[in-house]
$ cat upload16.txt   # compact mmCIF, C-alpha atoms
# COMPACT_ATOMS: atom_id res chain seq x y z
CA MET F 236 0.00 0.00 0.00
CA ARG F 237 2.85 2.38 0.85
CA ARG F 238 4.52 1.72 -2.52
CA ILE F 239 1.25 2.38 -4.34
CA SER F 240 0.71 5.64 -2.45
CA LEU F 241 4.26 6.77 -3.24
CA PHE F 242 3.79 5.89 -6.91
CA LEU F 243 0.56 7.86 -7.13
CA PHE F 244 2.20 10.81 -5.37
CA VAL F 245 5.12 10.87 -7.79
CA LEU F 246 2.79 10.38 -10.76
CA PHE F 247 0.60 13.25 -9.59
CA PHE F 248 3.47 15.73 -9.60
CA SER F 249 5.14 14.39 -12.75
CA THR F 250 1.99 14.62 -14.84
CA THR F 251 0.98 18.08 -13.65
CA THR F 252 4.32 19.84 -13.52
CA HIS F 253 5.04 22.09 -16.46
CA ALA F 254 8.51 22.52 -17.90
CA ASP F 255 8.38 26.19 -16.95
CA ALA F 256 6.87 25.68 -13.48
CA PRO F 257 8.87 27.67 -10.92
CA ARG F 258 10.92 25.47 -8.63
CA THR F 259 11.43 27.96 -5.81
CA PHE F 260 9.64 30.91 -4.24
CA ARG F 261 12.27 33.19 -5.76
CA GLU F 262 11.55 31.87 -9.25
CA ALA F 263 7.80 32.07 -8.63
CA LYS F 264 7.99 35.76 -7.81
CA LYS F 265 9.77 36.46 -11.10
CA VAL F 266 7.04 34.67 -13.03
CA ALA F 267 4.33 36.37 -10.99
CA TRP F 268 5.61 39.84 -11.89
CA ASN F 269 5.08 38.96 -15.54
CA ILE F 270 1.61 37.51 -15.03
CA TYR F 271 0.25 40.43 -13.02
CA ALA F 272 1.80 43.04 -15.31
CA GLU F 273 -1.34 42.46 -17.40
CA ARG F 274 -3.59 43.41 -14.47
CA PRO F 275 -1.49 45.31 -11.93
CA VAL F 276 -3.94 45.58 -9.04
CA ASP F 277 -3.31 44.30 -5.53
CA PHE F 278 -5.42 41.43 -4.20
CA TYR F 279 -6.77 42.75 -0.90
CA CYS F 280 -7.21 46.49 -1.33
CA GLY F 281 -7.77 46.96 -5.06
CA CYS F 282 -4.82 49.34 -5.32
CA ALA F 283 -3.16 49.78 -8.71
CA PHE F 284 0.60 49.45 -8.88
CA LYS F 285 3.35 50.22 -11.36
CA GLY F 286 6.53 48.28 -11.00
CA LYS F 287 6.96 47.78 -7.28
CA ASN F 288 5.21 51.01 -6.33
CA ILE F 289 1.58 51.12 -5.17
CA ASP F 290 -0.69 54.07 -5.92
CA LEU F 291 -1.99 54.54 -2.39
CA ALA F 292 -3.75 57.83 -3.08
CA GLY F 293 -5.60 56.35 -6.04
CA CYS F 294 -7.25 53.66 -3.91
CA GLY F 295 -7.68 55.67 -0.73
CA TYR F 296 -5.26 53.57 1.30
CA ILE F 297 -4.03 55.18 4.52
CA PRO F 298 -1.01 53.47 6.15
CA ARG F 299 -1.72 52.14 9.61
CA LYS F 300 1.86 52.26 10.85
CA GLN F 301 4.38 51.58 8.07
CA PRO F 302 4.10 54.08 5.18
CA LYS F 303 7.27 52.90 3.44
CA ARG F 304 6.20 49.27 3.43
CA ALA F 305 2.67 50.24 2.45
CA ALA F 306 3.98 51.94 -0.69
CA ARG F 307 5.49 48.78 -2.16
CA VAL F 308 4.14 45.55 -3.61
CA GLU F 309 4.89 42.31 -1.78
CA TRP F 310 4.00 38.73 -2.72
CA GLU F 311 1.58 37.11 -0.33
CA HIS F 312 1.03 33.40 0.22
CA ILE F 313 -2.74 33.11 0.69
CA VAL F 314 -2.02 29.89 2.59
CA PRO F 315 1.01 31.06 4.58
CA ALA F 316 4.32 29.26 4.17
CA TRP F 317 4.25 28.97 7.98
CA VAL F 318 1.06 26.89 7.75
CA ILE F 319 2.49 24.69 5.01
CA GLY F 320 5.77 24.18 6.83
CA HIS F 321 4.31 23.43 10.25
CA GLN F 322 2.72 20.31 8.81
CA ARG F 323 6.07 18.99 7.61
CA GLN F 324 8.94 17.43 9.53
CA CYS F 325 11.53 19.74 8.00
CA TRP F 326 10.11 22.74 9.88
CA GLN F 327 10.87 21.08 13.20
CA GLN F 328 14.46 20.61 12.05
CA GLY F 329 15.21 24.21 11.11
CA GLY F 330 12.16 26.19 10.06
CA ARG F 331 11.46 27.60 6.63
CA LYS F 332 15.11 27.68 5.58
CA GLN F 333 15.48 23.97 6.25
CA CYS F 334 12.24 23.14 4.42
CA THR F 335 13.29 25.14 1.37
CA ALA F 336 16.66 23.41 1.30
CA SER F 337 15.59 19.83 1.97
CA ASP F 338 11.89 19.26 1.27
CA PRO F 339 10.86 19.21 -2.44
CA VAL F 340 7.16 19.09 -1.59
CA PHE F 341 7.45 22.22 0.56
CA SER F 342 9.38 23.95 -2.22
CA LYS F 343 6.65 23.14 -4.74
CA ALA F 344 3.97 24.40 -2.38
CA GLU F 345 5.96 27.55 -1.53
CA ALA F 346 6.38 28.28 -5.26
CA ASP F 347 2.83 27.43 -6.31
CA LEU F 348 1.56 30.43 -8.29
CA HIS F 349 -2.07 29.66 -7.48
CA ASN F 350 -1.25 30.57 -3.88
CA LEU F 351 0.65 33.77 -4.68
CA VAL F 352 -0.87 37.25 -5.05
CA PRO F 353 0.43 40.85 -5.10
CA VAL F 354 -0.58 42.85 -2.03
CA VAL F 355 0.16 46.09 -0.21
CA GLY F 356 3.32 45.42 1.77
CA GLU F 357 1.95 46.68 5.06
CA VAL F 358 -1.11 44.46 4.80
CA ASN F 359 1.13 41.51 4.04
CA GLY F 360 3.13 42.19 7.18
CA ASP F 361 0.08 42.76 9.36
CA ARG F 362 -1.68 39.63 8.16
CA SER F 363 1.47 37.64 8.96
CA ASN F 364 0.52 33.96 9.25
CA TYR F 365 -2.91 34.64 10.73
CA GLY F 366 -5.87 32.60 9.63
CA PHE F 367 -8.88 34.14 7.92
CA GLY F 368 -12.24 34.52 9.60
CA MET F 369 -15.18 36.78 10.26
CA LEU F 370 -14.70 39.70 12.67
CA SER F 371 -17.07 42.20 14.22
CA GLU F 372 -14.84 45.20 13.55
CA LYS F 373 -15.65 47.51 10.66
CA PRO F 374 -12.85 48.17 8.16
CA SER F 375 -11.00 51.30 9.25
CA GLN F 376 -7.36 50.38 9.80
CA TYR F 377 -6.20 51.09 6.24
CA GLY F 378 -8.40 53.93 5.03
CA ALA F 379 -10.59 52.80 2.14
CA CYS F 380 -9.03 49.33 2.04
CA PRO F 381 -11.68 46.96 3.46
CA PHE F 382 -9.23 44.60 5.18
CA VAL F 383 -9.34 43.98 8.92
CA VAL F 384 -6.71 42.47 11.21
CA ASN F 385 -7.42 41.57 14.83
CA PHE F 386 -3.96 41.15 16.32
CA LYS F 387 -5.21 39.77 19.66
CA GLN F 388 -7.28 37.08 17.97
CA ARG F 389 -4.60 36.52 15.31
CA THR F 390 -7.31 36.66 12.66
CA ALA F 391 -7.71 38.60 9.41
CA MET F 392 -11.00 39.36 7.68
CA PRO F 393 -10.56 39.93 3.93
CA PRO F 394 -12.96 42.03 1.81
CA GLU F 395 -15.93 40.22 0.29
CA TYR F 396 -14.53 40.41 -3.26
CA SER F 397 -11.50 38.30 -2.31
CA ARG F 398 -13.19 35.68 -0.10
CA GLY F 399 -14.19 33.31 -2.88
CA ALA F 400 -10.70 33.28 -4.36
CA ILE F 401 -9.20 32.74 -0.90
CA ALA F 402 -11.53 29.82 -0.21
CA ARG F 403 -10.80 28.13 -3.52
CA THR F 404 -7.06 28.60 -2.98
CA TYR F 405 -7.20 26.98 0.45
CA LEU F 406 -9.25 24.05 -0.89
CA TYR F 407 -6.83 23.63 -3.80
CA MET F 408 -3.70 23.78 -1.63
CA SER F 409 -5.19 21.38 0.91
CA GLU F 410 -5.97 18.87 -1.80
CA ARG F 411 -2.76 19.21 -3.80
CA TYR F 412 -0.31 19.16 -0.90
CA GLN F 413 -2.31 17.09 1.61
CA LEU F 414 -2.60 20.02 4.03
CA ARG F 415 -4.89 19.45 6.98
CA LEU F 416 -7.65 21.99 7.54
CA SER F 417 -9.48 22.30 10.82
CA LYS F 418 -13.22 21.59 10.77
CA GLN F 419 -13.84 25.28 11.38
CA ASP F 420 -11.64 26.38 8.46
CA ARG F 421 -13.05 23.72 6.14
CA ARG F 422 -16.57 24.87 6.92
CA LEU F 423 -15.68 28.54 6.41
CA TYR F 424 -14.04 27.94 3.03
CA ASP F 425 -16.85 25.69 1.85
CA ILE F 426 -19.30 28.47 2.71
CA TRP F 427 -17.21 31.18 1.00
CA ASN F 428 -16.75 28.95 -2.05
CA ARG F 429 -20.54 28.68 -2.42
CA GLN F 430 -21.36 32.23 -1.34
CA TYR F 431 -18.89 34.01 -3.65
CA PRO F 432 -18.92 32.58 -7.21
CA VAL F 433 -15.86 32.46 -9.41
CA SER F 434 -15.18 35.90 -10.88
CA GLU F 435 -13.90 36.83 -14.30
CA TRP F 436 -10.64 37.89 -12.62
CA GLU F 437 -10.25 34.44 -11.07
CA GLN F 438 -10.82 32.80 -14.44
CA TRP F 439 -8.16 35.02 -16.01
CA ARG F 440 -5.74 34.31 -13.17
CA ASN F 441 -6.39 30.56 -13.30
CA ARG F 442 -5.68 30.48 -17.05
CA SER F 443 -2.56 32.61 -16.70
CA VAL F 444 -1.14 30.53 -13.86
CA ALA F 445 -2.04 27.23 -15.52
CA CYS F 446 -0.23 28.25 -18.71
CA ALA F 447 2.85 29.27 -16.70
CA GLN F 448 2.84 26.44 -14.18
CA GLY F 449 1.16 23.57 -16.00
CA ASN F 450 -1.88 22.93 -13.83
CA ALA F 451 -5.16 24.65 -13.04
CA ASN F 452 -7.01 25.08 -9.78
CA ARG F 453 -9.98 22.78 -10.37
CA TYR F 454 -12.08 24.69 -7.84
CA VAL F 455 -11.91 27.66 -10.21
CA GLY F 456 -12.17 25.65 -13.44
CA MET F 457 -10.30 23.45 -15.84
CA VAL F 458 -7.83 24.90 -18.37
CA ASP F 459 -6.92 23.38 -21.72
CA LEU F 460 -3.15 23.73 -21.68
CA ARG F 461 -3.02 23.04 -25.42
CA ARG F 462 -4.53 26.48 -25.95
CA CYS F 463 -1.73 28.26 -24.10
CA SER F 464 -0.03 30.37 -26.75
CA ARG F 465 3.02 31.09 -24.64
CA SER F 466 4.73 30.22 -21.40
CA ILE F 467 6.42 32.53 -18.94
CA SER F 468 10.07 32.08 -18.13
CA HIS F 469 11.70 32.39 -14.72
CA THR F 470 13.32 35.62 -15.82
CA GLY F 471 9.92 37.18 -16.34
CA THR F 472 10.24 37.28 -20.12
CA PRO F 473 7.51 35.74 -22.33
CA LYS F 474 8.76 33.06 -24.65
CA SER F 475 7.25 30.81 -27.28
CA GLY F 476 5.32 27.79 -26.08
CA GLN F 477 3.95 24.75 -27.84
CA GLY F 478 0.37 26.02 -27.86
$ encode --input "upload16.txt" --output "structure tokens"
Amino acid sequence: MRRISLFLFVLFFSTTTHADAPRTFREAKKVAWNIYAERPVDFYCGCAFKGKNIDLAGCGYIPRKQPKRAARVEWEHIVPAWVIGHQRQCWQQGGRKQCTASDPVFSKAEADLHNLVPVVGEVNGDRSNYGFGMLSEKPSQYGACPFVVNFKQRTAMPPEYSRGAIARTYLYMSERYQLRLSKQDRRLYDIWNRQYPVSEWEQWRNRSVACAQGNANRYVGMVDLRRCSRSISHTGTPKSGQG
């Protein structure tokens, strides 16, 4: 039984890994810059960005505490690397650095583009590795950005327009990398998945990531990889594919 499980695990990754799929978080960020150059808007606050600079005035964002960090784009793991790592033995042996160096499954999960989004740097820092949930507070910490962080409860409440995408990312990551979800989290993401239908933006993102990485998020929809007209290199430069 163990040999069969190992075979299926290896087959799963070998049949869904694209030649251009990023192998590390560093490579994933380079590919992500290219993908989101087509739609340069941050995930949580709806702020437009150019290069690494966020147009805070244009989206009404008011820094809570870190104006310099708020003004730059950072790449957020919707499912935090901390959550992924704490379910793997490597984390107990040396934290994230050890997992990146020694655990190929962690590296794949850390570099998975379906789990990576551009966000306001300050929000990325404030969210930290907190779980998502519903909070009673009204959004006010970041000006017009409807994101809420309760530091005492270690919980973040995302805006409604991002909840469906968050739920489908958690369900995808849980399935693909055998991540355990608590009953409470599973229930929340099942509800959000039903309550907030797949948006046109999610469909675009799913296609773009699938063409770059080689696999779609089935909770968003299937993608015919034969229709991908190009792939995206690790240097961030489009190159010809086998579309």
$ closest_residue --input "upload16.txt" --among "F:His321, F:Arg398, F:Arg442, F:Arg331" --to "Leu414 in chain F" --atoms "only C-alpha atoms"
F:His321
$ atom_distance --input "upload16.txt" --atom1 "CA of Ile401 in chain F" --atom2 "CA of Gly281 in chain F"
14.9 Å
$ closest_atom_pairs --input "upload16.txt" --of "range 326-387 of chain F" --to "range 302-314 of chain F" --cutoff "7 Å" --atoms "only C-alpha atoms" --output "Markdown table"
| residue | atom | partner | partner_atom | distance |
| --- | --- | --- | --- | --- |
| F:Asn350 | CA | F:Ile313 | CA | 5.4 |
| F:Leu351 | CA | F:His312 | CA | 4.9 |
| F:Val352 | CA | F:Glu311 | CA | 5.3 |
| F:Pro353 | CA | F:Trp310 | CA | 4.8 |
| F:Val354 | CA | F:Glu309 | CA | 5.5 |
| F:Val355 | CA | F:Val308 | CA | 5.3 |
| F:Gly356 | CA | F:Ala305 | CA | 4.9 |
| F:Glu357 | CA | F:Ala305 | CA | 4.5 |
| F:Asn359 | CA | F:Glu311 | CA | 6.2 |
$ closest_residue --input "upload16.txt" --among "F:Ala336, F:Ala447, F:Cys325, F:Ala402" --to "Asp425 in chain F" --atoms "all atoms listed in the file"
F:Ala402
$ residues_around --input "upload16.txt" --residues "Met369 in chain F" --least-positions-apart "5" --cutoff "10 Å" --atoms "all atoms listed in the file" --output "PyMOL selection string"
chain F and resi 383+390-393+423
$ residues_near_point --input "upload16.txt" --point "(-3.4, 31.6, -9.6)" --cutoff "9 Å" --atoms "all atoms listed in the file" --output "PyMOL selection string"
chain F and resi 347-352+404+437-445+451-452
$ atom_distance --input "upload16.txt" --atom1 "CA of Phe382 in chain F" --atom2 "CA of Val455 in chain F"
23.0 Å
$ closest_residue --input "upload16.txt" --among "F:Thr259, F:Ser363, F:Gln301, F:Ser375" --to "Ser337 in chain F" --atoms "only C-alpha atoms"
F:Thr259
$ closest_residue --input "upload16.txt" --among "F:Gly366, F:Gly360, F:Pro374, F:Gly449" --to "Lys300 in chain F" --atoms "all atoms listed in the file"
F:Gly360
$ atom_distance --input "upload16.txt" --atom1 "CA of Lys387 in chain F" --atom2 "CA of Lys373 in chain F"
15.8 Å
$ closest_residue --input "upload16.txt" --among "F:Ala283, F:Pro339, F:Ala346, F:Gly329" --to "Lys265 in chain F" --atoms "all atoms listed in the file"
F:Ala346
$ closest_residue --input "upload16.txt" --among "F:Leu370, F:Ile270, F:Ala316, F:Cys380" --to "Cys282 in chain F" --atoms "only C-alpha atoms"
F:Cys380
$ residues_around --input "upload16.txt" --residues "Val318 in chain F" --least-positions-apart "6" --cutoff "12 Å" --atoms "only C-alpha atoms" --output "ChimeraX atom specification"
/F:312,326,330-331,341,344-345,363-366,405,408-409,412,414-417
$ write_last_selection --input "upload16.txt" --atoms "C-alpha atoms" --output "compact mmCIF listing (two decimals), in the frame of the given file"
# COMPACT_ATOMS: atom_id res chain seq x y z
CA HIS F 312 1.03 33.40 0.22
CA TRP F 326 10.11 22.74 9.88
CA GLY F 330 12.16 26.19 10.06
CA ARG F 331 11.46 27.60 6.63
CA PHE F 341 7.45 22.22 0.56
CA ALA F 344 3.97 24.40 -2.38
CA GLU F 345 5.96 27.55 -1.53
CA SER F 363 1.47 37.64 8.96
CA ASN F 364 0.52 33.96 9.25
CA TYR F 365 -2.91 34.64 10.73
CA GLY F 366 -5.87 32.60 9.63
CA TYR F 405 -7.20 26.98 0.45
CA MET F 408 -3.70 23.78 -1.63
CA SER F 409 -5.19 21.38 0.91
CA TYR F 412 -0.31 19.16 -0.90
CA LEU F 414 -2.60 20.02 4.03
CA ARG F 415 -4.89 19.45 6.98
CA LEU F 416 -7.65 21.99 7.54
CA SER F 417 -9.48 22.30 10.82
